[in-house]
Amino acid sequence: MPNDKWTDRLAVMRRSGWRSLRDMPLRYKLIVLFLMIGIVPSLGLGLLVNWTVERIVERQVEEHTMQLIGKVNETLDSRMENLQNMTYLIGFQPRVAGFMEGMTAADGYTGKESAARKKWAERQNAGAESSDDVYEIKQFLQGFTTLYPEIAGIMLVNEHGDYISNEMYAKGTQSLASETWYTQAANNEGIFTIIGHPAGRSIISHVSYKDNEIISVARSYTDPETGKVLGVILIDLKLRAISHAARDVTLGKTGYLMVTDREGSSIYMPERPLIRHIPPEAFGTGDSGSFTRTVDGQKLLFMYRSSSFTGWRTVGVFPALEGTMEVRQIQFYVFCFLFAVCLIGISASLTLSRSIADPIRQLMARMRHAESGDLTIRNHSDRGDEIGMLERSFNRMLTQIHRLMSLNELKERQKREAELRSLQAHIKPHFLYNTLDTIHWMARKKGAEDVAEMVEALSRLFRIGLSKGEDIIRVQEEMEHIESYLRIQKTRYRDRLTCELDIADEIGSLYVLKLLLQPIVENAIYHGIKARRGPGVIRIEAKAANGRLLLAVTDNGAGMPEERLRELEGMLENPLRAIEGQEEGHGGRSYGMLNVQARIRLAFGDEYGIRLESEPGQGTRVTIVHPLLHENVSKNGAGRDQNDSGVSSGDR
């Protein structure tokens, strides 16, 4: 029950809402319509453009940043590949190989006697040709640092801790082979290893670089035959080689690029970074992507891509608001456009609605005057639109109403006069019937049977035709009427005319419009049989089929040509217009048939009426389609003025 109450209440609210909208003044409806047509689509378009531009700009910013990051990664990879190739070239040098195998003296001798050093001493004692191998190695290394000024220093360390370098040297007596960087490179067995910023190692250089100012890389040197690690080649790279690739790239106004290792520790960052350390878990598991973090109340956008060679991540960092500056500028233009559209739309809707509603209100005021009986009121306007046409139509309507009222008064007077004349004329039919009966009695008394029969047929023809003012009579009476008419025509044409009637017994009690068959039979005689050579036959059929009454008149007369048949069918489509044209002097052909068609259409509708079939030289068949009427549906109805005494047809 509560649900039904709520449902009924909602239905009442909907109906009241629709009624209030329907009863809203036209001016407000027009304003709402103009706003919905002009402003709502503009708002929707503006929001769509704003959303689309925002997505496109964000995608373009992301693609552009990723391209910059990719270029920086390519530069860093190229630098590191050069260092890797450099370690290969250094390892291939024979004197370097001799040093790694312990056959060459070193800058830092640990004092330990090795088999290789003994072998080197034996060579010296045997008087073999000696050269300053250490000097040659240093000269060889000096060539690399001269060719690549971004290299801070190169150091060769063998497994005994002995080393050779032209830029760096050990701080103390502890063996360099035990340090972390050496162990890390040795564990990779010949694989190029990026150490990163050195920390806590016992090596200093002539130029006192800080740990965060250089990047160390190393590769172990292995015995080609046994694969044993014999030493490590260490190269220190100046940080400017890294920063040069990233510092010239700016993202927005304050954005920048930074380089981190796998753990998120900084390899390079600008002097005043927005963030100094990024947790490794923030990058996720992918090689590239983006994320946002809030640092000191500022939302930062990070875009990164990892290098497959170095494992470093190049990260673009910039405030999230700077990435949408172009979007905000476009949004400003869109909002200005929407504001202008709304302003113009509201002004235009008010003006247009007023230009339409005000004349209608004025017209309504004049209509109220006309409703009160003042038909002399007129609406003067020179507008050329529909409202002006409506105002002129209103003026013509008032003129027509005034004319019709005057005409109606005249017709009322004429009607009263006609009723008086009709009452006086009621005496004439009785006098006519009595006179015909007297002629009939006298003809029989004189033995003129043919005259008596003709007078009797004429009397019956008049009596059924008048039918006491009824428009609808029984089928039986209509057949008696047409028999009387045929008897008169038979007297005239004698053997030239033969008549056949085929009337179903069950339809005699049905009702039809009176005087349907007489105009059709008259057409058949005057335009069919009369135009035929020799005797002719007229056949009249009446039957019920498919819920309708069918009255057919068939003759074997001259028939009609195709063009005449089509012309007559066209006239039957609009019989009233055809009759009016004949009354105005445009011809008087087939008036009787048009009269029958017009009466049937007016009484029962367009689905009933006359159907024509004709062939030249073969004859014509006219079928009247009439509804089945089991009772008189019109007592003293309309149509009383329709040629009650018979209809004369014109040319077919």
# chains A, B, ... in the order shown; residues from 1 in each chain; ligands from 1
>>> residues_around(residues="range 384-397 of chain A", least_positions_apart="6", cutoff="8 Å", atoms="only C-alpha atoms", output="MDAnalysis selection string")
chainID A and resid 356 359:360 363 378
>>> write_last_selection(atoms="N, CA, C and O atoms", output="PDB file, in the first residue's frame")
ATOM      1  N   ILE A 356       7.787  37.878 -31.032  1.00  0.00           N
ATOM      2  CA  ILE A 356       6.742  36.912 -31.379  1.00  0.00           C
ATOM      3  C   ILE A 356       5.565  37.000 -30.413  1.00  0.00           C
ATOM      4  O   ILE A 356       4.401  36.964 -30.823  1.00  0.00           O
ATOM      5  N   PRO A 359       3.094  40.657 -30.484  1.00  0.00           N
ATOM      6  CA  PRO A 359       2.007  40.728 -31.477  1.00  0.00           C
ATOM      7  C   PRO A 359       0.891  39.722 -31.207  1.00  0.00           C
ATOM      8  O   PRO A 359      -0.283  40.013 -31.464  1.00  0.00           O
ATOM      9  N   ILE A 360       1.245  38.542 -30.683  1.00  0.00           N
ATOM     10  CA  ILE A 360       0.208  37.551 -30.381  1.00  0.00           C
ATOM     11  C   ILE A 360      -0.677  38.042 -29.244  1.00  0.00           C
ATOM     12  O   ILE A 360      -1.906  37.857 -29.261  1.00  0.00           O
ATOM     13  N   LEU A 363      -2.993  40.532 -30.679  1.00  0.00           N
ATOM     14  CA  LEU A 363      -4.029  39.849 -31.438  1.00  0.00           C
ATOM     15  C   LEU A 363      -5.060  39.212 -30.508  1.00  0.00           C
ATOM     16  O   LEU A 363      -6.266  39.228 -30.787  1.00  0.00           O
ATOM     17  N   ARG A 378     -10.221  45.826 -36.020  1.00  0.00           N
ATOM     18  CA  ARG A 378      -9.263  45.339 -37.018  1.00  0.00           C
ATOM     19  C   ARG A 378      -7.847  45.445 -36.454  1.00  0.00           C
ATOM     20  O   ARG A 378      -7.564  46.308 -35.613  1.00  0.00           O
TER      21      ARG A 378
END
>>> atom_distance(atom1="CA of Asn82 in chain A", atom2="CA of Tyr148 in chain A")
9.8 Å
>>> closest_atom_pairs(of="range 307-377 of chain A", to="range 263-285 of chain A", cutoff="9 Å", atoms="only C-alpha atoms", output="tab-separated table")
residue	atom	partner	partner_atom	distance
A:Trp312	CA	A:Ile267	CA	8.3
A:Arg313	CA	A:Gly264	CA	8.2
A:Val317	CA	A:Leu274	CA	7.8
A:Phe318	CA	A:Leu274	CA	8.1
A:Pro319	CA	A:Leu274	CA	8.9
>>> write_last_selection(atoms="N, CA, C and O atoms", output="PDB file, in the first residue's frame")
ATOM      1  N   TRP A 312      70.061   2.796 -14.956  1.00  0.00           N
ATOM      2  CA  TRP A 312      69.678   4.071 -14.367  1.00  0.00           C
ATOM      3  C   TRP A 312      68.286   4.473 -14.863  1.00  0.00           C
ATOM      4  O   TRP A 312      67.828   4.061 -15.931  1.00  0.00           O
ATOM      5  N   ARG A 313      67.675   5.333 -14.084  1.00  0.00           N
ATOM      6  CA  ARG A 313      66.378   5.898 -14.471  1.00  0.00           C
ATOM      7  C   ARG A 313      66.549   7.396 -14.696  1.00  0.00           C
ATOM      8  O   ARG A 313      67.072   8.090 -13.831  1.00  0.00           O
ATOM      9  N   VAL A 317      60.878  15.733 -13.556  1.00  0.00           N
ATOM     10  CA  VAL A 317      60.162  16.214 -12.377  1.00  0.00           C
ATOM     11  C   VAL A 317      59.687  17.637 -12.656  1.00  0.00           C
ATOM     12  O   VAL A 317      60.493  18.496 -13.035  1.00  0.00           O
ATOM     13  N   PHE A 318      58.368  17.865 -12.492  1.00  0.00           N
ATOM     14  CA  PHE A 318      57.851  19.221 -12.633  1.00  0.00           C
ATOM     15  C   PHE A 318      56.520  19.320 -11.895  1.00  0.00           C
ATOM     16  O   PHE A 318      55.822  18.312 -11.719  1.00  0.00           O
ATOM     17  N   PRO A 319      56.182  20.504 -11.439  1.00  0.00           N
ATOM     18  CA  PRO A 319      54.893  20.681 -10.755  1.00  0.00           C
ATOM     19  C   PRO A 319      53.731  20.329 -11.678  1.00  0.00           C
ATOM     20  O   PRO A 319      53.763  20.627 -12.877  1.00  0.00           O
TER      21      PRO A 319
END
>>> residues_around(residues="range 165-171 of chain A", least_positions_apart="2", cutoff="8 Å", atoms="only C-alpha atoms", output="list in words")
Asp107, Gly108, Lys138, Leu141, Gln142, Ala152, Gly153, Ile154, Met155, Leu156, Tyr163, Thr173, Leu176, Ser202, Ile203, Ile204, Ser205 and His206 of chain A
>>> closest_residue(among="A:Gln60, A:Asn408, A:Ser347, A:Thr65", to="Thr250 in chain A", atoms="only C-alpha atoms")
A:Thr65
>>> residues_around(residues="Lys490 in chain A", least_positions_apart="6", cutoff="10 Å", atoms="only C-alpha atoms", output="PyMOL selection string")
chain A and resi 454+484+496-499
>>> closest_residue(among="A:Glu567, A:Glu409, A:Asp495, A:Glu477", to="Ser590 in chain A", atoms="only C-alpha atoms")
A:Glu567
>>> closest_residue(among="A:Ile346, A:Ser306, A:Gly534, A:Gly196", to="Val40 in chain A", atoms="only C-alpha atoms")
A:Ile346
>>> atom_distance(atom1="CA of Pro519 in chain A", atom2="CA of Tyr493 in chain A")
17.6 Å
>>> residues_around(residues="Thr351 in chain A", least_positions_apart="4", cutoff="12 Å", atoms="only C-alpha atoms", output="list of chain:residue names")
A:Arg27, A:Tyr28, A:Leu30, A:Ile31, A:Phe34, A:Ile344, A:Gly345, A:Ile346, A:Ser347, A:Ser355, A:Ile356, A:Ala357, A:Asp358
>>> select_by_dssp(residues="range 236-333 of chain A", states="strand (DSSP E)", output="PyMOL selection string")
chain A and resi 236-238+256-260+266-268+288-295+298-306+313-319
>>> closest_residue(among="A:Ser220, A:Ile538, A:Lys238, A:Gln329", to="Ser208 in chain A", atoms="only C-alpha atoms")
A:Lys238
>>> decode(residues="range 264-303 of chain A", atoms="N, CA and C atoms", output="short mmCIF file (atom, residue, chain, number, x, y, z; two decimals), in the first residue's frame")
data_model
loop_
_atom_site.label_atom_id
_atom_site.label_comp_id
_atom_site.auth_asym_id
_atom_site.auth_seq_id
_atom_site.Cartn_x
_atom_site.Cartn_y
_atom_site.Cartn_z
N GLY A 264 67.07 4.24 -6.43
CA GLY A 264 66.48 5.55 -6.28
C GLY A 264 67.45 6.60 -5.81
N SER A 265 68.70 6.24 -5.53
CA SER A 265 69.69 7.22 -5.11
C SER A 265 70.08 8.10 -6.30
N SER A 266 70.39 9.34 -6.00
CA SER A 266 70.63 10.30 -7.06
C SER A 266 71.99 10.09 -7.70
N ILE A 267 71.99 10.03 -9.03
CA ILE A 267 73.22 10.09 -9.80
C ILE A 267 73.49 11.53 -10.19
N TYR A 268 72.46 12.19 -10.64
CA TYR A 268 72.57 13.61 -10.97
C TYR A 268 71.26 14.28 -10.62
N MET A 269 71.35 15.48 -10.05
CA MET A 269 70.19 16.32 -9.85
C MET A 269 70.66 17.77 -9.86
N PRO A 270 69.79 18.73 -10.20
CA PRO A 270 70.21 20.14 -10.24
C PRO A 270 70.52 20.68 -8.84
N GLU A 271 70.99 21.89 -8.79
CA GLU A 271 71.41 22.46 -7.51
C GLU A 271 70.24 22.64 -6.55
N ARG A 272 69.10 23.02 -7.05
CA ARG A 272 67.93 23.24 -6.20
C ARG A 272 66.80 22.31 -6.64
N PRO A 273 66.90 21.06 -6.27
CA PRO A 273 65.88 20.10 -6.71
C PRO A 273 64.60 20.26 -5.90
N LEU A 274 63.49 19.85 -6.52
CA LEU A 274 62.20 19.85 -5.81
C LEU A 274 62.10 18.66 -4.86
N ILE A 275 62.86 17.60 -5.12
CA ILE A 275 62.91 16.42 -4.26
C ILE A 275 64.30 15.82 -4.38
N ARG A 276 64.87 15.37 -3.26
CA ARG A 276 66.24 14.86 -3.27
C ARG A 276 66.31 13.34 -3.36
N HIS A 277 65.31 12.66 -2.87
CA HIS A 277 65.35 11.20 -2.91
C HIS A 277 63.97 10.67 -3.25
N ILE A 278 63.94 9.73 -4.19
CA ILE A 278 62.68 9.11 -4.60
C ILE A 278 62.73 7.65 -4.16
N PRO A 279 61.78 7.19 -3.36
CA PRO A 279 61.78 5.78 -2.92
C PRO A 279 61.67 4.85 -4.12
N PRO A 280 62.37 3.73 -4.10
CA PRO A 280 62.32 2.79 -5.24
C PRO A 280 60.93 2.26 -5.51
N GLU A 281 60.13 2.07 -4.43
CA GLU A 281 58.80 1.50 -4.64
C GLU A 281 57.88 2.45 -5.41
N ALA A 282 58.25 3.73 -5.52
CA ALA A 282 57.39 4.67 -6.24
C ALA A 282 57.42 4.42 -7.74
N PHE A 283 58.48 3.76 -8.24
CA PHE A 283 58.62 3.56 -9.67
C PHE A 283 57.85 2.35 -10.17
N GLY A 284 57.45 1.47 -9.28
CA GLY A 284 56.75 0.28 -9.73
C GLY A 284 57.71 -0.71 -10.36
N THR A 285 57.16 -1.59 -11.17
CA THR A 285 57.96 -2.66 -11.78
C THR A 285 58.25 -2.42 -13.26
N GLY A 286 57.63 -1.44 -13.86
CA GLY A 286 57.84 -1.21 -15.28
C GLY A 286 59.11 -0.43 -15.56
N ASP A 287 59.52 -0.46 -16.83
CA ASP A 287 60.70 0.28 -17.25
C ASP A 287 60.39 1.75 -17.50
N SER A 288 59.13 2.10 -17.65
CA SER A 288 58.76 3.49 -17.87
C SER A 288 57.36 3.71 -17.30
N GLY A 289 57.03 4.98 -17.09
CA GLY A 289 55.72 5.30 -16.55
C GLY A 289 55.72 6.67 -15.93
N SER A 290 54.67 6.95 -15.17
CA SER A 290 54.54 8.24 -14.51
C SER A 290 53.77 8.05 -13.21
N PHE A 291 53.98 8.96 -12.28
CA PHE A 291 53.26 8.94 -11.02
C PHE A 291 53.33 10.34 -10.42
N THR A 292 52.53 10.57 -9.42
CA THR A 292 52.50 11.87 -8.75
C THR A 292 52.73 11.69 -7.26
N ARG A 293 53.38 12.68 -6.67
CA ARG A 293 53.60 12.70 -5.22
C ARG A 293 53.50 14.14 -4.74
N THR A 294 53.09 14.28 -3.50
CA THR A 294 52.99 15.60 -2.90
C THR A 294 54.19 15.82 -1.99
N VAL A 295 54.98 16.85 -2.29
CA VAL A 295 56.20 17.16 -1.54
C VAL A 295 56.08 18.59 -1.04
N ASP A 296 56.14 18.75 0.29
CA ASP A 296 56.04 20.07 0.92
C ASP A 296 54.78 20.82 0.47
N GLY A 297 53.67 20.07 0.36
CA GLY A 297 52.41 20.69 -0.03
C GLY A 297 52.27 20.97 -1.50
N GLN A 298 53.25 20.58 -2.31
CA GLN A 298 53.20 20.82 -3.75
C GLN A 298 53.08 19.49 -4.47
N LYS A 299 52.13 19.41 -5.39
CA LYS A 299 51.92 18.18 -6.15
C LYS A 299 52.89 18.14 -7.32
N LEU A 300 53.72 17.09 -7.33
CA LEU A 300 54.74 16.93 -8.38
C LEU A 300 54.36 15.76 -9.28
N LEU A 301 54.67 15.93 -10.56
CA LEU A 301 54.45 14.89 -11.55
C LEU A 301 55.80 14.32 -11.96
N PHE A 302 55.94 12.99 -11.91
CA PHE A 302 57.19 12.31 -12.25
C PHE A 302 56.94 11.44 -13.48
N MET A 303 57.85 11.55 -14.45
CA MET A 303 57.84 10.67 -15.62
C MET A 303 59.23 10.07 -15.76
#
